[in-house]
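J.: Starting off with a structure, shown below.
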Amino acid sequence: MSLTGSRLRFAVLPAAALAMLSACASRAETSTVAGPEWDFVAFEVKSWGAPVTSWRMLPDGSGSWTEAVRTEGEPPTTPPALAWHDIEAAPANYAALESILRRLPHPAPNYEDCDNFMNDAPYGTLRLTRGATTTEIAWNDGCMDEDYRAFVAVLKEADEHVASLGKAAPVSRTDDPPSG
């Protein structure tokens with residue numbers, strides 16, 4: 001093989017690689033813009049280790065909202081029964097949720113860095129799943145720092161959005177509390 005042939009091959013390889021990278025980048029941009037941010041969104045609220053509410057939603061707007069059902073006088077540490085409400089598919093449900101969650105700061109603030117913290121407040125987790133990757137964001141309503149309150153306000157808005165859909169749906173099933 002001549003030196004000229006080798007030079008030509010090495011000149012063509014970088015150009016081909018750049019073309020492939022460019023095609024991949026434009027495909028990635030298109031898929032990010034065209035589809036939903038996440039394949040699955042889940043949220044839970046707990047108090048004293050026991051569930052209070054939780055919900056899950058898919059990009060088609062379907063999902064479920066679950067609420068703890070307690071008998072009067074039952075201590076907050078007792079596991080409650082859980083009433084499930086199915087949310088019917090409506091893409092606008094998910095679009096509204098995604099619009100709210102896009103306002104979350106990245107990275108999320110850490111409640112363990114709080115200067116002004118109140119014990120015994122509700123806490124929980126937001127889970128955002130895309131493909132095989134789930135981003136889990138722990139939160140605690142006991143952090144009273146101003147920037148953290150702004151973060152919690154976005155979470156509460158998302159929670160209120162899905163809770164309103166869940167409360168509007170009838171109970172589809174009730175799970176008894178675990179015995180123990």
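Here's how to read the names in the structure tokens: chain A, B, ... by the order shown, residue numbers from 1 in each chain, ligand numbers from 1 in the order shown.
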Can you tell me which residues surround Glu136 in chain A at a distance of at most 7 Å, considering only C-alpha atoms, apart from same-chain residues fewer than 6 positions away, and format the answer as an MDAnalysis selection string?
T.: chainID A and resid 125:128
J.: List the spatial neighbours of Ala96 in chain A as a PDB file with all heavy atoms, in the first residue's frame - criterion: any atom at most 12 Å away, only C-alpha atoms, same-chain residues fewer than 3 positions off excluded.
T.:
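The resulting part.pdb:
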```
ATOM      1  N   PRO A  36     -41.573  12.462  26.156  1.00  0.00           N
ATOM      2  CA  PRO A  36     -41.610  12.903  27.554  1.00  0.00           C
ATOM      3  C   PRO A  36     -40.230  12.811  28.198  1.00  0.00           C
ATOM      4  O   PRO A  36     -39.369  12.071  27.740  1.00  0.00           O
ATOM      5  CB  PRO A  36     -42.587  11.916  28.194  1.00  0.00           C
ATOM      6  CG  PRO A  36     -42.500  10.701  27.342  1.00  0.00           C
ATOM      7  CD  PRO A  36     -42.233  11.189  25.952  1.00  0.00           C
ATOM      8  N   MET A  57     -47.212   7.885  37.867  1.00  0.00           N
ATOM      9  CA  MET A  57     -47.826   8.327  36.619  1.00  0.00           C
ATOM     10  C   MET A  57     -46.934   7.964  35.434  1.00  0.00           C
ATOM     11  O   MET A  57     -45.714   8.070  35.508  1.00  0.00           O
ATOM     12  CB  MET A  57     -48.096   9.832  36.626  1.00  0.00           C
ATOM     13  CG  MET A  57     -48.895  10.271  35.389  1.00  0.00           C
ATOM     14  SD  MET A  57     -49.513  11.959  35.477  1.00  0.00           S
ATOM     15  CE  MET A  57     -50.920  11.724  36.550  1.00  0.00           C
ATOM     16  N   PRO A  59     -46.336   8.388  31.021  1.00  0.00           N
ATOM     17  CA  PRO A  59     -46.467   9.468  30.041  1.00  0.00           C
ATOM     18  C   PRO A  59     -47.838   9.569  29.367  1.00  0.00           C
ATOM     19  O   PRO A  59     -48.183  10.631  28.863  1.00  0.00           O
ATOM     20  CB  PRO A  59     -45.381   9.149  29.011  1.00  0.00           C
ATOM     21  CG  PRO A  59     -44.343   8.429  29.792  1.00  0.00           C
ATOM     22  CD  PRO A  59     -45.137   7.584  30.765  1.00  0.00           C
ATOM     23  N   ASP A  60     -48.637   8.497  29.380  1.00  0.00           N
ATOM     24  CA  ASP A  60     -49.982   8.619  28.790  1.00  0.00           C
ATOM     25  C   ASP A  60     -50.963   9.274  29.761  1.00  0.00           C
ATOM     26  O   ASP A  60     -52.136   9.443  29.453  1.00  0.00           O
ATOM     27  CB  ASP A  60     -50.507   7.256  28.324  1.00  0.00           C
ATOM     28  CG  ASP A  60     -50.827   6.292  29.460  1.00  0.00           C
ATOM     29  OD1 ASP A  60     -50.609   6.635  30.651  1.00  0.00           O
ATOM     30  OD2 ASP A  60     -51.291   5.173  29.153  1.00  0.00           O
ATOM     31  N   GLY A  61     -50.466   9.656  30.954  1.00  0.00           N
ATOM     32  CA  GLY A  61     -51.304  10.335  31.940  1.00  0.00           C
ATOM     33  C   GLY A  61     -52.032   9.389  32.874  1.00  0.00           C
ATOM     34  O   GLY A  61     -52.739   9.828  33.780  1.00  0.00           O
ATOM     35  N   ALA A  90     -54.794  10.292  30.320  1.00  0.00           N
ATOM     36  CA  ALA A  90     -55.073  11.590  29.697  1.00  0.00           C
ATOM     37  C   ALA A  90     -53.723  12.296  29.569  1.00  0.00           C
ATOM     38  O   ALA A  90     -53.157  12.723  30.579  1.00  0.00           O
ATOM     39  CB  ALA A  90     -56.042  12.409  30.534  1.00  0.00           C
ATOM     40  N   PRO A  91     -53.180  12.382  28.375  1.00  0.00           N
ATOM     41  CA  PRO A  91     -51.853  12.969  28.196  1.00  0.00           C
ATOM     42  C   PRO A  91     -51.681  14.346  28.844  1.00  0.00           C
ATOM     43  O   PRO A  91     -50.592  14.694  29.281  1.00  0.00           O
ATOM     44  CB  PRO A  91     -51.685  13.042  26.676  1.00  0.00           C
ATOM     45  CG  PRO A  91     -52.537  11.905  26.173  1.00  0.00           C
ATOM     46  CD  PRO A  91     -53.724  11.884  27.106  1.00  0.00           C
ATOM     47  N   ALA A  92     -52.759  15.101  28.969  1.00  0.00           N
ATOM     48  CA  ALA A  92     -52.662  16.427  29.594  1.00  0.00           C
ATOM     49  C   ALA A  92     -52.261  16.310  31.069  1.00  0.00           C
ATOM     50  O   ALA A  92     -51.596  17.206  31.598  1.00  0.00           O
ATOM     51  CB  ALA A  92     -53.979  17.183  29.459  1.00  0.00           C
ATOM     52  N   ASN A  93     -52.675  15.217  31.734  1.00  0.00           N
ATOM     53  CA  ASN A  93     -52.277  15.001  33.135  1.00  0.00           C
ATOM     54  C   ASN A  93     -50.764  14.958  33.253  1.00  0.00           C
ATOM     55  O   ASN A  93     -50.168  15.600  34.113  1.00  0.00           O
ATOM     56  CB  ASN A  93     -52.825  13.670  33.675  1.00  0.00           C
ATOM     57  CG  ASN A  93     -54.324  13.627  33.761  1.00  0.00           C
ATOM     58  OD1 ASN A  93     -54.994  14.652  33.740  1.00  0.00           O
ATOM     59  ND2 ASN A  93     -54.854  12.420  33.840  1.00  0.00           N
ATOM     60  N   SER A  99     -44.442  19.627  33.322  1.00  0.00           N
ATOM     61  CA  SER A  99     -44.218  21.073  33.330  1.00  0.00           C
ATOM     62  C   SER A  99     -43.866  21.566  34.740  1.00  0.00           C
ATOM     63  O   SER A  99     -42.975  22.405  34.906  1.00  0.00           O
ATOM     64  CB  SER A  99     -45.469  21.781  32.804  1.00  0.00           C
ATOM     65  OG  SER A  99     -45.324  23.170  32.878  1.00  0.00           O
ATOM     66  N   ILE A 100     -44.544  21.037  35.735  1.00  0.00           N
ATOM     67  CA  ILE A 100     -44.247  21.410  37.126  1.00  0.00           C
ATOM     68  C   ILE A 100     -42.857  20.927  37.515  1.00  0.00           C
ATOM     69  O   ILE A 100     -42.042  21.684  38.047  1.00  0.00           O
ATOM     70  CB  ILE A 100     -45.307  20.820  38.084  1.00  0.00           C
ATOM     71  CG1 ILE A 100     -46.674  21.440  37.830  1.00  0.00           C
ATOM     72  CG2 ILE A 100     -44.884  21.010  39.549  1.00  0.00           C
ATOM     73  CD1 ILE A 100     -47.832  20.677  38.467  1.00  0.00           C
ATOM     74  N   LEU A 101     -42.565  19.653  37.251  1.00  0.00           N
ATOM     75  CA  LEU A 101     -41.302  19.064  37.693  1.00  0.00           C
ATOM     76  C   LEU A 101     -40.078  19.643  36.993  1.00  0.00           C
ATOM     77  O   LEU A 101     -38.979  19.598  37.538  1.00  0.00           O
ATOM     78  CB  LEU A 101     -41.340  17.541  37.516  1.00  0.00           C
ATOM     79  CG  LEU A 101     -42.339  16.815  38.421  1.00  0.00           C
ATOM     80  CD1 LEU A 101     -42.360  15.324  38.109  1.00  0.00           C
ATOM     81  CD2 LEU A 101     -42.027  17.063  39.893  1.00  0.00           C
ATOM     82  N   ARG A 102     -40.256  20.210  35.809  1.00  0.00           N
ATOM     83  CA  ARG A 102     -39.124  20.856  35.116  1.00  0.00           C
ATOM     84  C   ARG A 102     -38.592  22.063  35.905  1.00  0.00           C
ATOM     85  O   ARG A 102     -37.493  22.527  35.664  1.00  0.00           O
ATOM     86  CB  ARG A 102     -39.543  21.296  33.731  1.00  0.00           C
ATOM     87  CG  ARG A 102     -39.541  20.184  32.738  1.00  0.00           C
ATOM     88  CD  ARG A 102     -39.671  20.728  31.315  1.00  0.00           C
ATOM     89  NE  ARG A 102     -39.809  19.634  30.393  1.00  0.00           N
ATOM     90  CZ  ARG A 102     -40.861  19.429  29.620  1.00  0.00           C
ATOM     91  NH1 ARG A 102     -41.868  20.275  29.641  1.00  0.00           N
ATOM     92  NH2 ARG A 102     -40.914  18.402  28.823  1.00  0.00           N
ATOM     93  N   ARG A 103     -39.386  22.569  36.832  1.00  0.00           N
ATOM     94  CA  ARG A 103     -38.945  23.727  37.624  1.00  0.00           C
ATOM     95  C   ARG A 103     -38.091  23.328  38.823  1.00  0.00           C
ATOM     96  O   ARG A 103     -37.600  24.190  39.547  1.00  0.00           O
ATOM     97  CB  ARG A 103     -40.170  24.520  38.094  1.00  0.00           C
ATOM     98  CG  ARG A 103     -40.963  25.101  36.928  1.00  0.00           C
ATOM     99  CD  ARG A 103     -41.984  26.152  37.337  1.00  0.00           C
ATOM    100  NE  ARG A 103     -42.553  26.000  38.642  1.00  0.00           N
ATOM    101  CZ  ARG A 103     -43.784  25.561  38.914  1.00  0.00           C
ATOM    102  NH1 ARG A 103     -44.573  25.182  37.935  1.00  0.00           N
ATOM    103  NH2 ARG A 103     -44.221  25.478  40.151  1.00  0.00           N
ATOM    104  N   GLU A 157     -46.687  21.261  44.658  1.00  0.00           N
ATOM    105  CA  GLU A 157     -47.542  21.555  43.510  1.00  0.00           C
ATOM    106  C   GLU A 157     -47.758  20.293  42.670  1.00  0.00           C
ATOM    107  O   GLU A 157     -48.881  20.006  42.236  1.00  0.00           O
ATOM    108  CB  GLU A 157     -46.934  22.671  42.659  1.00  0.00           C
ATOM    109  CG  GLU A 157     -47.819  23.111  41.528  1.00  0.00           C
ATOM    110  CD  GLU A 157     -47.238  24.263  40.711  1.00  0.00           C
ATOM    111  OE1 GLU A 157     -46.275  24.920  41.165  1.00  0.00           O
ATOM    112  OE2 GLU A 157     -47.764  24.483  39.607  1.00  0.00           O
ATOM    113  N   ALA A 158     -46.688  19.521  42.450  1.00  0.00           N
ATOM    114  CA  ALA A 158     -46.811  18.260  41.712  1.00  0.00           C
ATOM    115  C   ALA A 158     -47.715  17.292  42.476  1.00  0.00           C
ATOM    116  O   ALA A 158     -48.589  16.647  41.884  1.00  0.00           O
ATOM    117  CB  ALA A 158     -45.429  17.647  41.487  1.00  0.00           C
ATOM    118  N   ASP A 159     -47.508  17.205  43.778  1.00  0.00           N
ATOM    119  CA  ASP A 159     -48.312  16.315  44.614  1.00  0.00           C
ATOM    120  C   ASP A 159     -49.789  16.719  44.575  1.00  0.00           C
ATOM    121  O   ASP A 159     -50.668  15.865  44.430  1.00  0.00           O
ATOM    122  CB  ASP A 159     -47.775  16.328  46.046  1.00  0.00           C
ATOM    123  CG  ASP A 159     -48.443  15.297  46.936  1.00  0.00           C
ATOM    124  OD1 ASP A 159     -48.757  14.186  46.456  1.00  0.00           O
ATOM    125  OD2 ASP A 159     -48.648  15.605  48.128  1.00  0.00           O
ATOM    126  N   GLU A 160     -50.065  17.988  44.676  1.00  0.00           N
ATOM    127  CA  GLU A 160     -51.459  18.471  44.637  1.00  0.00           C
ATOM    128  C   GLU A 160     -52.097  18.191  43.281  1.00  0.00           C
ATOM    129  O   GLU A 160     -53.286  17.844  43.214  1.00  0.00           O
ATOM    130  CB  GLU A 160     -51.516  19.961  44.969  1.00  0.00           C
ATOM    131  CG  GLU A 160     -51.215  20.241  46.431  1.00  0.00           C
ATOM    132  CD  GLU A 160     -50.947  21.714  46.732  1.00  0.00           C
ATOM    133  OE1 GLU A 160     -51.009  22.565  45.810  1.00  0.00           O
ATOM    134  OE2 GLU A 160     -50.657  22.015  47.905  1.00  0.00           O
ATOM    135  N   HIS A 161     -51.324  18.323  42.209  1.00  0.00           N
ATOM    136  CA  HIS A 161     -51.848  18.055  40.860  1.00  0.00           C
ATOM    137  C   HIS A 161     -52.324  16.603  40.766  1.00  0.00           C
ATOM    138  O   HIS A 161     -53.460  16.335  40.376  1.00  0.00           O
ATOM    139  CB  HIS A 161     -50.773  18.352  39.811  1.00  0.00           C
ATOM    140  CG  HIS A 161     -51.094  17.816  38.447  1.00  0.00           C
ATOM    141  ND1 HIS A 161     -52.153  18.281  37.695  1.00  0.00           N
ATOM    142  CD2 HIS A 161     -50.514  16.836  37.721  1.00  0.00           C
ATOM    143  CE1 HIS A 161     -52.201  17.616  36.556  1.00  0.00           C
ATOM    144  NE2 HIS A 161     -51.218  16.727  36.546  1.00  0.00           N
ATOM    145  N   VAL A 162     -51.449  15.663  41.135  1.00  0.00           N
ATOM    146  CA  VAL A 162     -51.807  14.248  41.013  1.00  0.00           C
ATOM    147  C   VAL A 162     -52.862  13.864  42.061  1.00  0.00           C
ATOM    148  O   VAL A 162     -53.772  13.092  41.767  1.00  0.00           O
ATOM    149  CB  VAL A 162     -50.560  13.350  41.101  1.00  0.00           C
ATOM    150  CG1 VAL A 162     -50.946  11.875  40.987  1.00  0.00           C
ATOM    151  CG2 VAL A 162     -49.564  13.708  39.995  1.00  0.00           C
ATOM    152  N   LEU A 165     -56.324  14.547  40.841  1.00  0.00           N
ATOM    153  CA  LEU A 165     -56.777  13.535  39.879  1.00  0.00           C
ATOM    154  C   LEU A 165     -57.194  12.262  40.612  1.00  0.00           C
ATOM    155  O   LEU A 165     -58.201  11.649  40.277  1.00  0.00           O
ATOM    156  CB  LEU A 165     -55.656  13.219  38.882  1.00  0.00           C
ATOM    157  CG  LEU A 165     -55.165  14.380  38.016  1.00  0.00           C
ATOM    158  CD1 LEU A 165     -53.885  13.994  37.282  1.00  0.00           C
ATOM    159  CD2 LEU A 165     -56.245  14.838  37.054  1.00  0.00           C
TER     160      LEU A 165
END
```
J.: What is the distance between CA of Ala81 in chain A and CA of Ile137 in chain A, in Å to one decimal?
T.: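 Result for CA of Ala81 in chain A versus CA of Ile137 in chain A: 25.5 Å, one decimal.
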J.: Taking the DSSP assignment computed from this structure's backbone, write out as a PDB file with N, CA, C and O atoms, in the first residue's frame all residues of range 43-132 of chain A that belong to strand (DSSP E or B).
T.:
```pdb
ATOM      1  N   PHE A  43     -43.976   9.208  43.514  1.00  0.00           N
ATOM      2  CA  PHE A  43     -43.794  10.137  44.630  1.00  0.00           C
ATOM      3  C   PHE A  43     -44.399   9.507  45.865  1.00  0.00           C
ATOM      4  O   PHE A  43     -45.450   8.863  45.790  1.00  0.00           O
ATOM      5  N   GLU A  44     -43.755   9.677  47.004  1.00  0.00           N
ATOM      6  CA  GLU A  44     -44.317   9.169  48.252  1.00  0.00           C
ATOM      7  C   GLU A  44     -44.119  10.167  49.376  1.00  0.00           C
ATOM      8  O   GLU A  44     -43.132  10.892  49.405  1.00  0.00           O
ATOM      9  N   VAL A  45     -45.098  10.190  50.265  1.00  0.00           N
ATOM     10  CA  VAL A  45     -45.051  11.002  51.475  1.00  0.00           C
ATOM     11  C   VAL A  45     -45.187  10.045  52.653  1.00  0.00           C
ATOM     12  O   VAL A  45     -46.090   9.200  52.664  1.00  0.00           O
ATOM     13  N   LYS A  46     -44.283  10.187  53.616  1.00  0.00           N
ATOM     14  CA  LYS A  46     -44.332   9.366  54.829  1.00  0.00           C
ATOM     15  C   LYS A  46     -44.285  10.266  56.050  1.00  0.00           C
ATOM     16  O   LYS A  46     -43.816  11.396  55.988  1.00  0.00           O
ATOM     17  N   SER A  47     -44.742   9.722  57.163  1.00  0.00           N
ATOM     18  CA  SER A  47     -44.645  10.389  58.451  1.00  0.00           C
ATOM     19  C   SER A  47     -44.454   9.311  59.508  1.00  0.00           C
ATOM     20  O   SER A  47     -45.209   8.321  59.514  1.00  0.00           O
ATOM     21  N   ALA A  50     -44.502   5.682  58.380  1.00  0.00           N
ATOM     22  CA  ALA A  50     -45.710   5.101  57.786  1.00  0.00           C
ATOM     23  C   ALA A  50     -46.127   5.906  56.550  1.00  0.00           C
ATOM     24  O   ALA A  50     -45.960   7.132  56.502  1.00  0.00           O
ATOM     25  N   PRO A  51     -46.692   5.235  55.532  1.00  0.00           N
ATOM     26  CA  PRO A  51     -47.155   5.956  54.343  1.00  0.00           C
ATOM     27  C   PRO A  51     -48.308   6.905  54.650  1.00  0.00           C
ATOM     28  O   PRO A  51     -49.160   6.597  55.477  1.00  0.00           O
ATOM     29  N   VAL A  52     -48.295   8.050  53.985  1.00  0.00           N
ATOM     30  CA  VAL A  52     -49.391   9.020  54.070  1.00  0.00           C
ATOM     31  C   VAL A  52     -50.118   9.022  52.725  1.00  0.00           C
ATOM     32  O   VAL A  52     -51.315   8.777  52.657  1.00  0.00           O
ATOM     33  N   THR A  53     -49.374   9.322  51.659  1.00  0.00           N
ATOM     34  CA  THR A  53     -49.890   9.239  50.289  1.00  0.00           C
ATOM     35  C   THR A  53     -48.740   8.817  49.387  1.00  0.00           C
ATOM     36  O   THR A  53     -47.567   8.950  49.735  1.00  0.00           O
ATOM     37  N   SER A  54     -49.116   8.349  48.203  1.00  0.00           N
ATOM     38  CA  SER A  54     -48.128   8.071  47.161  1.00  0.00           C
ATOM     39  C   SER A  54     -48.854   8.087  45.826  1.00  0.00           C
ATOM     40  O   SER A  54     -50.079   7.973  45.778  1.00  0.00           O
ATOM     41  N   TRP A  55     -48.078   8.249  44.770  1.00  0.00           N
ATOM     42  CA  TRP A  55     -48.668   8.193  43.444  1.00  0.00           C
ATOM     43  C   TRP A  55     -47.626   7.798  42.416  1.00  0.00           C
ATOM     44  O   TRP A  55     -46.435   7.868  42.679  1.00  0.00           O
ATOM     45  N   ARG A  56     -48.129   7.360  41.273  1.00  0.00           N
ATOM     46  CA  ARG A  56     -47.301   7.007  40.142  1.00  0.00           C
ATOM     47  C   ARG A  56     -48.012   7.487  38.885  1.00  0.00           C
ATOM     48  O   ARG A  56     -49.242   7.451  38.822  1.00  0.00           O
ATOM     49  N   MET A  57     -47.212   7.885  37.867  1.00  0.00           N
ATOM     50  CA  MET A  57     -47.826   8.327  36.619  1.00  0.00           C
ATOM     51  C   MET A  57     -46.934   7.964  35.434  1.00  0.00           C
ATOM     52  O   MET A  57     -45.714   8.070  35.508  1.00  0.00           O
ATOM     53  N   GLY A  63     -52.249   6.438  35.859  1.00  0.00           N
ATOM     54  CA  GLY A  63     -51.476   6.175  37.063  1.00  0.00           C
ATOM     55  C   GLY A  63     -52.378   5.819  38.212  1.00  0.00           C
ATOM     56  O   GLY A  63     -53.525   5.382  38.024  1.00  0.00           O
ATOM     57  N   SER A  64     -51.861   6.012  39.408  1.00  0.00           N
ATOM     58  CA  SER A  64     -52.663   5.756  40.599  1.00  0.00           C
ATOM     59  C   SER A  64     -52.220   6.692  41.714  1.00  0.00           C
ATOM     60  O   SER A  64     -51.088   7.175  41.734  1.00  0.00           O
ATOM     61  N   TRP A  65     -53.148   6.945  42.595  1.00  0.00           N
ATOM     62  CA  TRP A  65     -52.907   7.749  43.795  1.00  0.00           C
ATOM     63  C   TRP A  65     -53.366   6.918  44.977  1.00  0.00           C
ATOM     64  O   TRP A  65     -54.454   6.319  44.943  1.00  0.00           O
ATOM     65  N   THR A  66     -52.549   6.836  45.997  1.00  0.00           N
ATOM     66  CA  THR A  66     -52.838   6.004  47.158  1.00  0.00           C
ATOM     67  C   THR A  66     -52.844   6.870  48.399  1.00  0.00           C
ATOM     68  O   THR A  66     -51.958   7.705  48.581  1.00  0.00           O
ATOM     69  N   GLU A  67     -53.836   6.654  49.262  1.00  0.00           N
ATOM     70  CA  GLU A  67     -53.919   7.403  50.511  1.00  0.00           C
ATOM     71  C   GLU A  67     -54.016   6.449  51.690  1.00  0.00           C
ATOM     72  O   GLU A  67     -54.621   5.374  51.591  1.00  0.00           O
ATOM     73  N   ALA A  68     -53.404   6.851  52.790  1.00  0.00           N
ATOM     74  CA  ALA A  68     -53.506   6.071  54.024  1.00  0.00           C
ATOM     75  C   ALA A  68     -54.894   6.269  54.622  1.00  0.00           C
ATOM     76  O   ALA A  68     -55.419   7.384  54.636  1.00  0.00           O
ATOM     77  N   VAL A  69     -55.474   5.184  55.100  1.00  0.00           N
ATOM     78  CA  VAL A  69     -56.788   5.236  55.737  1.00  0.00           C
ATOM     79  C   VAL A  69     -56.594   4.798  57.187  1.00  0.00           C
ATOM     80  O   VAL A  69     -56.201   3.667  57.452  1.00  0.00           O
ATOM     81  N   ALA A  81     -54.181   1.137  56.528  1.00  0.00           N
ATOM     82  CA  ALA A  81     -54.708   0.535  55.302  1.00  0.00           C
ATOM     83  C   ALA A  81     -54.451   1.543  54.181  1.00  0.00           C
ATOM     84  O   ALA A  81     -54.338   2.757  54.433  1.00  0.00           O
ATOM     85  N   LEU A  82     -54.349   1.064  52.952  1.00  0.00           N
ATOM     86  CA  LEU A  82     -54.083   1.947  51.815  1.00  0.00           C
ATOM     87  C   LEU A  82     -55.217   1.844  50.800  1.00  0.00           C
ATOM     88  O   LEU A  82     -55.543   0.742  50.336  1.00  0.00           O
ATOM     89  N   ALA A  83     -55.822   2.978  50.476  1.00  0.00           N
ATOM     90  CA  ALA A  83     -56.880   3.043  49.469  1.00  0.00           C
ATOM     91  C   ALA A  83     -56.268   3.519  48.155  1.00  0.00           C
ATOM     92  O   ALA A  83     -55.628   4.569  48.109  1.00  0.00           O
ATOM     93  N   TRP A  84     -56.474   2.738  47.106  1.00  0.00           N
ATOM     94  CA  TRP A  84     -55.923   3.030  45.780  1.00  0.00           C
ATOM     95  C   TRP A  84     -56.994   3.646  44.887  1.00  0.00           C
ATOM     96  O   TRP A  84     -58.126   3.165  44.852  1.00  0.00           O
ATOM     97  N   HIS A  85     -56.610   4.686  44.164  1.00  0.00           N
ATOM     98  CA  HIS A  85     -57.483   5.349  43.194  1.00  0.00           C
ATOM     99  C   HIS A  85     -56.773   5.293  41.845  1.00  0.00           C
ATOM    100  O   HIS A  85     -55.641   5.785  41.723  1.00  0.00           O
ATOM    101  N   ASP A  86     -57.417   4.707  40.829  1.00  0.00           N
ATOM    102  CA  ASP A  86     -56.823   4.639  39.496  1.00  0.00           C
ATOM    103  C   ASP A  86     -57.093   5.924  38.732  1.00  0.00           C
ATOM    104  O   ASP A  86     -58.223   6.415  38.689  1.00  0.00           O
ATOM    105  N   ILE A  87     -56.042   6.457  38.122  1.00  0.00           N
ATOM    106  CA  ILE A  87     -56.151   7.667  37.318  1.00  0.00           C
ATOM    107  C   ILE A  87     -56.186   7.240  35.852  1.00  0.00           C
ATOM    108  O   ILE A  87     -55.281   6.543  35.387  1.00  0.00           O
ATOM    109  N   PHE A 117     -33.970  23.518  60.820  1.00  0.00           N
ATOM    110  CA  PHE A 117     -34.624  22.238  60.621  1.00  0.00           C
ATOM    111  C   PHE A 117     -35.597  21.929  61.754  1.00  0.00           C
ATOM    112  O   PHE A 117     -35.277  22.116  62.925  1.00  0.00           O
ATOM    113  N   TYR A 123     -41.883  13.521  55.091  1.00  0.00           N
ATOM    114  CA  TYR A 123     -40.715  13.372  54.224  1.00  0.00           C
ATOM    115  C   TYR A 123     -41.066  12.361  53.152  1.00  0.00           C
ATOM    116  O   TYR A 123     -42.120  11.720  53.199  1.00  0.00           O
ATOM    117  N   GLY A 124     -40.185  12.189  52.188  1.00  0.00           N
ATOM    118  CA  GLY A 124     -40.469  11.199  51.159  1.00  0.00           C
ATOM    119  C   GLY A 124     -39.443  11.180  50.060  1.00  0.00           C
ATOM    120  O   GLY A 124     -38.316  11.653  50.228  1.00  0.00           O
ATOM    121  N   THR A 125     -39.882  10.651  48.915  1.00  0.00           N
ATOM    122  CA  THR A 125     -38.997  10.458  47.778  1.00  0.00           C
ATOM    123  C   THR A 125     -39.756  10.734  46.482  1.00  0.00           C
ATOM    124  O   THR A 125     -40.917  10.351  46.343  1.00  0.00           O
ATOM    125  N   LEU A 126     -39.079  11.387  45.560  1.00  0.00           N
ATOM    126  CA  LEU A 126     -39.549  11.542  44.185  1.00  0.00           C
ATOM    127  C   LEU A 126     -38.649  10.656  43.337  1.00  0.00           C
ATOM    128  O   LEU A 126     -37.425  10.716  43.473  1.00  0.00           O
ATOM    129  N   ARG A 127     -39.243   9.818  42.487  1.00  0.00           N
ATOM    130  CA  ARG A 127     -38.472   8.944  41.607  1.00  0.00           C
ATOM    131  C   ARG A 127     -38.827   9.256  40.157  1.00  0.00           C
ATOM    132  O   ARG A 127     -40.002   9.235  39.777  1.00  0.00           O
ATOM    133  N   LEU A 128     -37.788   9.541  39.379  1.00  0.00           N
ATOM    134  CA  LEU A 128     -37.939   9.862  37.963  1.00  0.00           C
ATOM    135  C   LEU A 128     -37.203   8.788  37.176  1.00  0.00           C
ATOM    136  O   LEU A 128     -35.976   8.661  37.288  1.00  0.00           O
ATOM    137  N   THR A 129     -37.933   8.000  36.383  1.00  0.00           N
ATOM    138  CA  THR A 129     -37.328   6.878  35.660  1.00  0.00           C
ATOM    139  C   THR A 129     -37.332   7.144  34.168  1.00  0.00           C
ATOM    140  O   THR A 129     -38.343   7.550  33.598  1.00  0.00           O
ATOM    141  N   ARG A 130     -36.191   6.909  33.558  1.00  0.00           N
ATOM    142  CA  ARG A 130     -36.040   6.985  32.096  1.00  0.00           C
ATOM    143  C   ARG A 130     -35.241   5.765  31.689  1.00  0.00           C
ATOM    144  O   ARG A 130     -34.087   5.624  32.079  1.00  0.00           O
TER     145      ARG A 130
END
```
J.: Just the number, please: distance in Å from CA of Asp113 in chain A to CA of Trp38 in chain A, one decimal.
T.: 27.8 Å
